[in-house]
$ cat target-v2.cif   # mmCIF, C-alpha atoms and all ligand atoms
data_model
loop_
_atom_site.label_atom_id
_atom_site.label_comp_id
_atom_site.auth_asym_id
_atom_site.auth_seq_id
_atom_site.Cartn_x
_atom_site.Cartn_y
_atom_site.Cartn_z
CA MET A 1 -53.19 56.61 10.10
CA THR A 2 -56.61 58.17 10.26
CA ALA A 3 -59.94 56.63 9.45
CA THR A 4 -60.72 58.99 6.61
CA SER A 5 -57.49 58.35 4.75
CA ALA A 6 -57.73 54.62 5.26
CA PRO A 7 -59.02 53.46 1.85
CA ALA A 8 -56.27 55.37 0.00
CA ASP A 9 -53.66 54.03 2.41
CA LEU A 10 -54.87 50.48 1.91
CA ASN A 11 -54.32 50.71 -1.83
CA ALA A 12 -50.86 52.22 -1.32
CA LEU A 13 -50.01 49.59 1.28
CA GLU A 14 -51.20 46.81 -1.00
CA ALA A 15 -49.04 48.10 -3.85
CA GLU A 16 -46.07 48.40 -1.53
CA LEU A 17 -46.50 44.89 -0.10
CA ILE A 18 -47.04 43.32 -3.52
CA GLY A 19 -43.84 45.06 -4.66
CA GLU A 20 -41.92 43.61 -1.69
CA ILE A 21 -43.32 40.17 -2.41
CA ASP A 22 -42.29 40.34 -6.05
CA ARG A 23 -38.80 41.41 -5.16
CA ALA A 24 -38.28 38.62 -2.58
CA GLU A 25 -35.54 36.44 -4.04
CA ASN A 26 -35.73 33.44 -1.76
CA LEU A 27 -37.86 31.68 0.84
CA GLY A 28 -36.13 33.48 3.71
CA ALA A 29 -36.96 36.89 2.21
CA ILE A 30 -40.57 35.92 1.56
CA GLU A 31 -40.94 34.91 5.20
CA GLN A 32 -39.61 38.30 6.28
CA VAL A 33 -42.24 40.03 4.12
CA ARG A 34 -44.97 37.80 5.58
CA ILE A 35 -43.98 38.65 9.15
CA GLY A 36 -43.80 42.37 8.30
CA ALA A 37 -47.33 42.30 6.86
CA LEU A 38 -49.33 39.57 8.55
CA GLY A 39 -47.36 38.79 11.69
CA LYS A 40 -48.74 39.82 15.10
CA LYS A 41 -47.13 43.26 14.82
CA GLY A 42 -47.38 43.31 11.03
CA ARG A 43 -48.69 46.28 9.11
CA VAL A 44 -51.95 44.60 8.04
CA SER A 45 -52.61 43.14 11.48
CA GLU A 46 -52.14 46.56 13.06
CA LEU A 47 -54.85 48.03 10.80
CA MET A 48 -57.33 45.62 12.35
CA SER A 49 -56.47 46.84 15.81
CA GLN A 50 -57.41 50.38 14.70
CA LEU A 51 -60.94 49.27 13.90
CA GLY A 52 -62.17 50.26 17.35
CA LYS A 53 -61.17 53.89 16.80
CA LEU A 54 -63.44 54.28 13.78
CA ALA A 55 -66.92 55.64 13.70
CA PRO A 56 -69.34 52.72 13.96
CA GLU A 57 -70.71 53.33 10.43
CA ASP A 58 -67.25 53.15 8.92
CA ARG A 59 -66.16 49.98 10.69
CA LYS A 60 -67.87 47.48 8.44
CA ALA A 61 -66.48 48.87 5.20
CA PHE A 62 -62.98 49.33 6.60
CA GLY A 63 -63.00 45.86 8.15
CA ALA A 64 -64.03 44.33 4.88
CA ALA A 65 -61.34 46.30 3.02
CA VAL A 66 -58.62 45.19 5.43
CA ASN A 67 -59.78 41.57 5.15
CA GLN A 68 -59.64 41.89 1.38
CA LEU A 69 -56.11 43.28 1.65
CA LYS A 70 -55.16 40.42 3.92
CA THR A 71 -56.48 37.88 1.43
CA THR A 72 -54.73 39.56 -1.48
CA VAL A 73 -51.41 39.69 0.38
CA THR A 74 -51.79 36.08 1.60
CA ASN A 75 -52.46 34.85 -1.93
CA ALA A 76 -49.57 36.86 -3.34
CA LEU A 77 -47.25 35.43 -0.66
CA GLU A 78 -48.40 31.89 -1.41
CA SER A 79 -47.96 32.13 -5.14
CA ARG A 80 -44.54 33.81 -4.85
CA LYS A 81 -43.55 31.18 -2.33
CA SER A 82 -44.47 28.32 -4.62
CA VAL A 83 -42.57 29.95 -7.51
CA LEU A 84 -39.51 30.26 -5.27
CA GLU A 85 -39.87 26.70 -3.96
CA GLU A 86 -40.05 25.35 -7.45
CA ALA A 87 -37.00 27.35 -8.49
CA ALA A 88 -35.10 26.07 -5.43
CA LEU A 89 -36.05 22.49 -6.26
CA SER A 90 -34.99 22.87 -9.90
CA ALA A 91 -31.69 24.36 -8.82
CA ARG A 92 -31.10 21.43 -6.47
CA LEU A 93 -32.04 18.89 -9.10
CA ALA A 94 -29.68 20.51 -11.60
CA ASN A 95 -26.94 20.63 -8.99
CA GLU A 96 -27.28 17.17 -7.55
CA ARG A 97 -28.04 15.35 -10.75
CA ALA A 98 -26.28 12.02 -11.06
CA ASP A 99 -24.79 11.47 -14.50
CA VAL A 100 -25.57 7.79 -14.98
CA THR A 101 -23.41 7.68 -18.10
CA LEU A 102 -20.21 8.29 -16.08
CA PRO A 103 -17.95 5.23 -15.63
CA VAL A 104 -17.99 3.60 -12.19
CA ARG A 105 -15.17 4.95 -10.05
CA LEU A 106 -13.28 2.00 -8.52
CA GLY A 107 -12.32 2.06 -4.87
CA PRO A 108 -8.79 1.50 -3.57
CA GLN A 109 -9.42 -2.23 -3.17
CA ALA A 110 -9.96 -2.63 -6.90
CA GLU A 111 -7.55 0.09 -8.01
CA GLY A 112 -4.53 -0.70 -5.79
CA ARG A 113 -1.88 -3.20 -6.86
CA ILE A 114 0.61 -5.32 -4.95
CA HIS A 115 4.14 -4.90 -6.30
CA PRO A 116 5.48 -8.14 -7.86
CA VAL A 117 8.41 -8.17 -5.42
CA SER A 118 6.00 -7.93 -2.47
CA GLN A 119 3.95 -10.69 -4.02
CA VAL A 120 6.98 -12.98 -4.43
CA TRP A 121 8.18 -12.07 -0.93
CA ASP A 122 4.82 -13.39 0.35
CA GLU A 123 4.89 -16.43 -1.94
CA VAL A 124 8.37 -17.47 -0.82
CA THR A 125 7.51 -16.88 2.84
CA GLU A 126 4.37 -18.99 2.47
CA ILE A 127 6.29 -21.87 0.88
CA PHE A 128 9.04 -21.96 3.51
CA ALA A 129 6.59 -21.42 6.37
CA ASP A 130 4.85 -24.57 5.18
CA MET A 131 8.17 -26.42 5.53
CA GLY A 132 8.50 -25.20 9.13
CA PHE A 133 10.74 -22.15 8.65
CA ALA A 134 10.23 -19.05 10.82
CA VAL A 135 10.81 -15.54 9.48
CA ALA A 136 13.78 -13.63 10.95
CA GLU A 137 14.78 -10.02 10.44
CA GLY A 138 17.80 -7.77 10.71
CA PRO A 139 18.47 -4.05 10.19
CA ASP A 140 19.37 -2.52 6.81
CA ILE A 141 22.22 -0.61 8.50
CA GLU A 142 24.55 -3.29 9.75
CA THR A 143 27.90 -3.49 11.50
CA ASP A 144 30.97 -4.39 9.48
CA ASP A 145 31.45 -7.28 11.89
CA LEU A 146 28.08 -8.91 11.20
CA ASN A 147 28.00 -8.11 7.49
CA PHE A 148 31.52 -9.45 6.90
CA THR A 149 33.84 -10.59 9.70
CA LYS A 150 31.61 -13.09 11.47
CA LEU A 151 30.66 -14.49 8.05
CA ASN A 152 34.30 -15.52 7.64
CA ILE A 153 35.14 -12.45 5.56
CA PRO A 154 37.96 -10.82 7.57
CA PRO A 155 39.04 -7.20 6.92
CA GLU A 156 41.51 -7.80 4.07
CA HIS A 157 39.45 -10.52 2.36
CA PRO A 158 38.97 -9.94 -1.40
CA ALA A 159 35.22 -10.73 -1.12
CA ARG A 160 34.79 -7.33 0.51
CA GLN A 161 35.76 -5.64 -2.77
CA GLU A 162 33.26 -7.72 -4.73
CA HIS A 163 30.40 -6.39 -2.64
CA ASP A 164 30.62 -2.69 -3.73
CA THR A 165 29.73 -1.70 -0.20
CA PHE A 166 28.04 1.56 0.83
CA TYR A 167 29.88 2.67 3.97
CA LEU A 168 28.50 5.16 6.48
CA SER A 169 30.76 7.85 7.99
CA PRO A 170 33.16 6.43 10.60
CA ARG A 171 32.02 6.56 14.21
CA ALA A 172 34.04 7.96 17.14
CA ASP A 173 35.88 4.65 17.63
CA GLY A 174 36.79 4.53 13.91
CA SER A 175 34.41 1.67 13.07
CA ARG A 176 32.09 2.07 10.13
CA MET A 177 28.55 0.85 9.69
CA VAL A 178 27.51 -0.42 6.25
CA LEU A 179 24.28 -0.75 4.32
CA ARG A 180 24.07 -4.53 4.43
CA THR A 181 25.30 -6.00 1.16
CA HIS A 182 23.37 -9.25 1.67
CA THR A 183 20.86 -10.83 4.06
CA SER A 184 23.52 -13.23 5.38
CA PRO A 185 24.17 -11.17 8.58
CA VAL A 186 20.71 -12.30 9.70
CA GLN A 187 22.22 -15.81 9.91
CA ILE A 188 24.69 -14.48 12.47
CA ARG A 189 22.07 -12.51 14.41
CA THR A 190 19.92 -15.62 14.63
CA MET A 191 22.71 -17.96 15.76
CA LEU A 192 23.79 -15.38 18.36
CA SER A 193 20.31 -15.06 19.81
CA GLN A 194 18.75 -18.54 19.44
CA ARG A 195 19.80 -22.04 20.35
CA PRO A 196 19.63 -24.74 17.65
CA PRO A 197 17.61 -26.28 16.17
CA ILE A 198 17.32 -23.23 13.92
CA ARG A 199 15.21 -23.03 10.81
CA ILE A 200 14.71 -19.50 9.48
CA ILE A 201 14.30 -17.51 6.32
CA ALA A 202 15.11 -13.79 6.21
CA PRO A 203 13.70 -11.74 3.33
CA GLY A 204 14.90 -8.15 3.10
CA ARG A 205 16.46 -5.24 1.30
CA VAL A 206 20.16 -5.19 0.50
CA TYR A 207 22.41 -2.54 -1.03
CA ARG A 208 25.36 -2.40 -3.40
CA SER A 209 26.88 0.45 -5.34
CA ASP A 210 26.02 -0.92 -8.76
CA SER A 211 23.53 0.07 -11.45
CA ASP A 212 22.69 -1.29 -14.92
CA GLN A 213 19.96 -3.34 -16.58
CA THR A 214 20.38 -6.21 -14.14
CA HIS A 215 21.66 -4.31 -11.07
CA THR A 216 20.08 -1.64 -8.88
CA PRO A 217 21.70 -0.04 -5.79
CA MET A 218 18.92 -1.52 -3.66
CA PHE A 219 17.53 -4.98 -4.29
CA HIS A 220 16.00 -7.86 -2.34
CA GLN A 221 17.31 -11.18 -1.10
CA ILE A 222 15.95 -14.02 0.90
CA GLU A 223 18.30 -15.89 3.19
CA GLY A 224 17.73 -19.37 4.54
CA LEU A 225 19.45 -21.04 7.48
CA VAL A 226 19.07 -24.47 9.06
CA ILE A 227 21.29 -25.42 12.01
CA ASP A 228 20.98 -28.57 14.11
CA GLU A 229 23.03 -31.69 14.79
CA GLU A 230 22.37 -33.73 11.68
CA THR A 231 21.22 -31.64 8.72
CA HIS A 232 23.31 -32.46 5.63
CA LEU A 233 23.64 -31.60 1.95
CA GLY A 234 20.86 -34.01 0.98
CA HIS A 235 18.41 -31.98 3.08
CA LEU A 236 19.57 -28.80 1.36
CA LYS A 237 18.98 -30.28 -2.08
CA TRP A 238 15.56 -31.65 -1.15
CA CYS A 239 14.51 -28.41 0.45
CA LEU A 240 15.49 -26.27 -2.56
CA GLU A 241 13.89 -28.70 -4.99
CA GLU A 242 10.60 -28.61 -3.07
CA PHE A 243 10.82 -24.83 -2.99
CA CYS A 244 11.35 -24.58 -6.75
CA LYS A 245 8.41 -26.87 -7.53
CA ALA A 246 6.08 -24.86 -5.30
CA PHE A 247 7.39 -21.50 -6.45
CA PHE A 248 7.29 -22.14 -10.18
CA GLU A 249 4.07 -24.15 -9.72
CA VAL A 250 5.27 -27.22 -11.63
CA ASP A 251 5.28 -30.94 -10.76
CA GLU A 252 8.91 -31.51 -11.75
CA VAL A 253 11.96 -29.29 -11.92
CA LYS A 254 15.38 -30.10 -13.25
CA MET A 255 18.07 -28.52 -11.10
CA ARG A 256 21.83 -28.27 -11.34
CA PHE A 257 24.10 -27.82 -8.31
CA ARG A 258 27.40 -26.29 -9.42
CA ALA A 259 30.43 -26.24 -7.14
CA SER A 260 31.21 -22.65 -6.22
CA HIS A 261 32.85 -20.62 -3.48
CA PHE A 262 31.47 -18.44 -0.69
CA PRO A 263 33.54 -17.60 2.41
CA PHE A 264 30.68 -18.56 4.74
CA THR A 265 29.94 -22.03 3.31
CA GLU A 266 31.96 -25.18 2.69
CA PRO A 267 31.20 -26.83 0.38
CA SER A 268 29.44 -24.11 -1.63
CA MET A 269 27.09 -24.51 -4.55
CA GLU A 270 25.34 -22.30 -6.99
CA VAL A 271 21.97 -23.61 -8.07
CA ASP A 272 20.48 -23.43 -11.56
CA VAL A 273 16.95 -24.31 -12.62
CA ASP A 274 16.05 -25.62 -16.08
CA ALA A 275 14.09 -22.82 -17.72
CA ALA A 276 11.42 -25.41 -18.61
CA ALA A 277 10.03 -24.32 -15.21
CA ILE A 278 9.04 -21.03 -16.84
CA GLY A 279 8.07 -22.58 -20.15
CA LYS A 280 11.41 -21.95 -21.89
CA PRO A 281 13.28 -25.28 -21.89
CA GLY A 282 16.88 -25.54 -23.00
CA ARG A 283 18.51 -22.92 -20.78
CA TRP A 284 19.81 -22.92 -17.20
CA LEU A 285 18.73 -20.08 -14.90
CA GLU A 286 20.93 -19.32 -11.93
CA ILE A 287 18.72 -18.60 -8.95
CA LEU A 288 20.74 -18.85 -5.74
CA GLY A 289 23.93 -19.49 -3.80
CA SER A 290 24.07 -22.08 -1.05
CA GLY A 291 26.20 -24.48 0.95
CA MET A 292 26.93 -26.08 4.29
CA VAL A 293 27.58 -23.38 6.89
CA HIS A 294 31.34 -22.94 7.38
CA PRO A 295 32.67 -24.14 10.78
CA ASN A 296 34.30 -20.72 11.26
CA VAL A 297 30.87 -19.07 11.04
CA ILE A 298 29.34 -21.49 13.53
CA ARG A 299 32.29 -20.92 15.87
CA ALA A 300 32.07 -17.12 15.50
CA CYS A 301 28.51 -17.38 16.83
CA GLY A 302 29.64 -19.22 19.95
CA LEU A 303 28.44 -22.65 18.82
CA ASP A 304 30.57 -25.78 18.65
CA PRO A 305 31.09 -26.77 14.99
CA GLU A 306 31.88 -30.34 16.11
CA LYS A 307 28.32 -30.55 17.40
CA TYR A 308 26.29 -28.28 15.17
CA GLN A 309 26.03 -28.15 11.40
CA GLY A 310 23.56 -27.10 8.76
CA PHE A 311 22.98 -25.35 5.47
CA ALA A 312 22.35 -21.84 4.24
CA PHE A 313 21.22 -20.29 1.01
CA GLY A 314 20.74 -16.79 -0.42
CA MET A 315 18.44 -16.01 -3.29
CA GLY A 316 17.79 -12.81 -5.27
CA LEU A 317 14.09 -12.03 -4.84
CA ASP A 318 13.98 -9.55 -7.69
CA ARG A 319 15.65 -12.05 -9.98
CA ILE A 320 13.21 -14.89 -9.30
CA THR A 321 10.33 -12.37 -9.60
CA MET A 322 11.54 -11.37 -13.08
CA LEU A 323 11.91 -15.01 -14.09
CA LYS A 324 8.51 -16.13 -12.83
CA TYR A 325 6.51 -13.16 -14.11
CA GLY A 326 8.46 -12.37 -17.30
CA ILE A 327 9.63 -8.92 -16.27
CA PRO A 328 12.37 -7.78 -18.66
CA ASP A 329 14.15 -4.87 -16.90
CA LEU A 330 15.09 -4.81 -13.22
CA ARG A 331 15.15 -1.01 -13.08
CA ASP A 332 11.43 -0.79 -13.94
CA MET A 333 10.72 -2.53 -10.64
CA PHE A 334 11.70 0.63 -8.77
CA SER A 335 10.52 3.33 -11.17
CA ALA A 336 7.14 3.83 -9.42
CA ASP A 337 5.35 3.86 -12.80
CA MET A 338 1.62 3.19 -12.34
CA ARG A 339 1.24 1.80 -15.86
CA TRP A 340 3.94 -0.78 -15.11
CA LEU A 341 2.35 -1.62 -11.76
CA ARG A 342 -1.11 -2.03 -13.32
CA HIS A 343 0.37 -4.45 -15.83
CA PHE A 344 2.62 -6.53 -13.55
CA GLY A 345 0.97 -5.93 -10.15
CA PHE A 346 -1.39 -8.19 -8.18
CA LEU A 347 -4.83 -7.58 -6.72
CA PRO A 348 -4.62 -6.87 -2.98
CA PHE A 349 -6.99 -9.66 -1.97
CA ASP A 350 -5.15 -12.35 -3.95
CA VAL A 351 -3.02 -13.44 -1.01
CA PRO A 352 -0.62 -16.29 -1.90
CA THR A 353 -1.57 -19.60 -0.32
CA LEU A 354 -0.31 -23.08 -1.07
CA ALA A 355 -3.87 -24.38 -1.22
CA GLY A 356 -4.93 -21.82 -3.82
CA GLY A 357 -1.69 -21.93 -5.82
CA VAL A 358 0.79 -19.35 -4.60
CA SER A 359 0.34 -16.92 -7.47
CA SER A 360 -3.41 -17.07 -8.14
N1 LIG A 401 25.27 -13.78 0.58
C1 LIG A 401 25.51 -14.21 -0.78
C2 LIG A 401 25.44 -13.04 -1.72
O1 LIG A 401 24.87 -12.06 -1.44
C3 LIG A 401 24.50 -15.23 -1.20
C4 LIG A 401 24.62 -16.51 -0.44
C5 LIG A 401 25.38 -17.55 -0.95
C6 LIG A 401 24.00 -16.67 0.77
C7 LIG A 401 25.52 -18.72 -0.27
C8 LIG A 401 24.13 -17.86 1.47
C9 LIG A 401 24.91 -18.90 0.93
O2 LIG A 401 23.52 -18.07 2.64
O3 LIG A 401 25.03 -20.05 1.61
O4 LIG A 401 25.99 -13.09 -2.78
#
$ encode --input "target-v2.cif" --output "structure tokens"
Amino acid sequence: MTATSAPADLNALEAELIGEIDRAENLGAIEQVRIGALGKKGRVSELMSQLGKLAPEDRKAFGAAVNQLKTTVTNALESRKSVLEEAALSARLANERADVTLPVRLGPQAEGRIHPVSQVWDEVTEIFADMGFAVAEGPDIETDDLNFTKLNIPPEHPARQEHDTFYLSPRADGSRMVLRTHTSPVQIRTMLSQRPPIRIIAPGRVYRSDSDQTHTPMFHQIEGLVIDEETHLGHLKWCLEEFCKAFFEVDEVKMRFRASHFPFTEPSMEVDVDAAAIGKPGRWLEILGSGMVHPNVIRACGLDPEKYQGFAFGMGLDRITMLKYGIPDLRDMFSADMRWLRHFGFLPFDVPTLAGGVSS
């Protein structure tokens, strides 16, 4: 650049820089233009450094012209920058706008539901825990011996047919494991591993090859077992009556103990509750099987039946859940339908306690 061509160049440079400024699409681009023009090595700044090469009489005019250019470019940068800043802000506001008319989205604590069977599992556990029962467990895949033989159901016993058992493939020694058909093997496991006095309940899943409106291949039972030196039938009746009052949340229940037969108890009783407990008087509802533990069972567990005695019971959890909460079809319990669960399910923080009423 020479001194004589300077004024023309300044006009051209101004036009060029203004063009660049106008075309800058964002704040990053505008900063690049600023550095290219006004930065230390920028095109406008460099003009100033040429001032010394000019004839003294030209310096004043050229200096003033460059300063004017600097002011023009600075102003243009500023105004373009504020336009871009405003556009960026509007874009952000449009983007991040909260639509206050949208419904509140509930978190998992409010949205999740406890399955009625889980709820009743907890209710029953709470009630028996209060009576001093511990919770025992056993595996879903059980030996034939514990599921049947030690419960006084030897290999050719007809009760085996009644259970519609799922058998696993035979093992090398020819024995077959089963999906437990009831929670009663937990009685055996407990008597084999603990010394009396024993007082346990065992809730769990059980399996039978059966399916219709009131049967599913998997369902839930709760087993109870009391073994010591003096527990008798009167204790069994008291215990079940207290349970029914707490479970159905009523002051009085009418119960009926019907003589029955199970291989592992003698005598055996099936227990019915007057449906008044669920607000429908006039009908009997069968809720469980029970009895005094058979001496053969006590003996099979290595205990002396002359010394030890006690009672046992087995209750269908799904059945008492349907009764208490008015659920019409057993199969819906396992259909994983969210609409069903929202209707019949329980809020996760409503933990059953005796003090608060087990179901509220
Ligand atoms: N295990 C029996 C069943 O699944 C139920 C049962 C009846 C369990 C009487 C018991 C009992 O402990 O004493 O059908």
$ residues_near_ligand --input "target-v2.cif" --ligand "ligand LIG 401 (chain A)" --cutoff "10 Å" --atoms "only C-alpha atoms and all ligand atoms" --output "MDAnalysis selection string"
chainID A and resid 147:148 151 159 162:163 180:187 201 206:208 220:225 260:271 288:294 311:316
$ write_last_selection --input "target-v2.cif" --atoms "C-alpha atoms" --output "short mmCIF file (atom, residue, chain, number, x, y, z; two decimals), keeping the file's coordinate frame"
data_model
loop_
_atom_site.label_atom_id
_atom_site.label_comp_id
_atom_site.auth_asym_id
_atom_site.auth_seq_id
_atom_site.Cartn_x
_atom_site.Cartn_y
_atom_site.Cartn_z
CA ASN A 147 28.00 -8.11 7.49
CA PHE A 148 31.52 -9.45 6.90
CA LEU A 151 30.66 -14.49 8.05
CA ALA A 159 35.22 -10.73 -1.12
CA GLU A 162 33.26 -7.72 -4.73
CA HIS A 163 30.40 -6.39 -2.64
CA ARG A 180 24.07 -4.53 4.43
CA THR A 181 25.30 -6.00 1.16
CA HIS A 182 23.37 -9.25 1.67
CA THR A 183 20.86 -10.83 4.06
CA SER A 184 23.52 -13.23 5.38
CA PRO A 185 24.17 -11.17 8.58
CA VAL A 186 20.71 -12.30 9.70
CA GLN A 187 22.22 -15.81 9.91
CA ILE A 201 14.30 -17.51 6.32
CA VAL A 206 20.16 -5.19 0.50
CA TYR A 207 22.41 -2.54 -1.03
CA ARG A 208 25.36 -2.40 -3.40
CA HIS A 220 16.00 -7.86 -2.34
CA GLN A 221 17.31 -11.18 -1.10
CA ILE A 222 15.95 -14.02 0.90
CA GLU A 223 18.30 -15.89 3.19
CA GLY A 224 17.73 -19.37 4.54
CA LEU A 225 19.45 -21.04 7.48
CA SER A 260 31.21 -22.65 -6.22
CA HIS A 261 32.85 -20.62 -3.48
CA PHE A 262 31.47 -18.44 -0.69
CA PRO A 263 33.54 -17.60 2.41
CA PHE A 264 30.68 -18.56 4.74
CA THR A 265 29.94 -22.03 3.31
CA GLU A 266 31.96 -25.18 2.69
CA PRO A 267 31.20 -26.83 0.38
CA SER A 268 29.44 -24.11 -1.63
CA MET A 269 27.09 -24.51 -4.55
CA GLU A 270 25.34 -22.30 -6.99
CA VAL A 271 21.97 -23.61 -8.07
CA LEU A 288 20.74 -18.85 -5.74
CA GLY A 289 23.93 -19.49 -3.80
CA SER A 290 24.07 -22.08 -1.05
CA GLY A 291 26.20 -24.48 0.95
CA MET A 292 26.93 -26.08 4.29
CA VAL A 293 27.58 -23.38 6.89
CA HIS A 294 31.34 -22.94 7.38
CA PHE A 311 22.98 -25.35 5.47
CA ALA A 312 22.35 -21.84 4.24
CA PHE A 313 21.22 -20.29 1.01
CA GLY A 314 20.74 -16.79 -0.42
CA MET A 315 18.44 -16.01 -3.29
CA GLY A 316 17.79 -12.81 -5.27
#
$ residues_around --input "target-v2.cif" --residues "region 42-50 of chain A" --least-positions-apart "3" --cutoff "8 Å" --atoms "all atoms listed in the file" --output "ChimeraX atom specification"
/A:35-39,53-54,63,66,69-70
$ atom_distance --input "target-v2.cif" --atom1 "CA of Phe219 (chain A)" --atom2 "CA of Gln309 (chain A)"
29.2 Å
$ residues_near_point --input "target-v2.cif" --point "(-44.5, 28.7, -3.2)" --cutoff "12 Å" --atoms "only C-alpha atoms" --output "number ranges by chain"
A: 21, 24-28, 30-31, 74-89
$ closest_residue --input "target-v2.cif" --among "A:Ile227, A:Met218, A:Ala98, A:Leu236" --to "Asp304 (chain A)" --atoms "all atoms listed in the file"
A:Ile227
$ closest_residue --input "target-v2.cif" --among "A:Met191, A:Ile18, A:Ala246, A:Ala29" --to "Thr71 (chain A)" --atoms "all atoms listed in the file"
A:Ile18
$ atom_distance --input "target-v2.cif" --atom1 "CA of Phe62 (chain A)" --atom2 "CA of Arg23 (chain A)"
28.0 Å
$ atom_distance --input "target-v2.cif" --atom1 "CA of Glu16 (chain A)" --atom2 "CA of Ala55 (chain A)"
26.8 Å
$ residues_near_point --input "target-v2.cif" --point "(-52.7, 48.7, -0.2)" --cutoff "10 Å" --atoms "all atoms listed in the file" --output "list of chain:residue names"
A:Ala6, A:Pro7, A:Ala8, A:Asp9, A:Leu10, A:Asn11, A:Ala12, A:Leu13, A:Glu14, A:Ala15, A:Glu16, A:Leu17, A:Ile18, A:Val44, A:Ala65, A:Val66, A:Gln68, A:Leu69, A:Lys70, A:Thr72, A:Val73
$ closest_residue --input "target-v2.cif" --among "A:Val33, A:Thr190, A:Pro295, A:Val358" --to "Lys245 (chain A)" --atoms "all atoms listed in the file"
A:Val358
$ closest_residue --input "target-v2.cif" --among "A:Asp122, A:Asp272, A:Glu142, A:Glu96" --to "Leu317 (chain A)" --atoms "all atoms listed in the file"
A:Asp122
$ closest_residue --input "target-v2.cif" --among "A:Val120, A:Val100, A:Ala64, A:Cys239" --to "Asp318 (chain A)" --atoms "only C-alpha atoms"
A:Val120
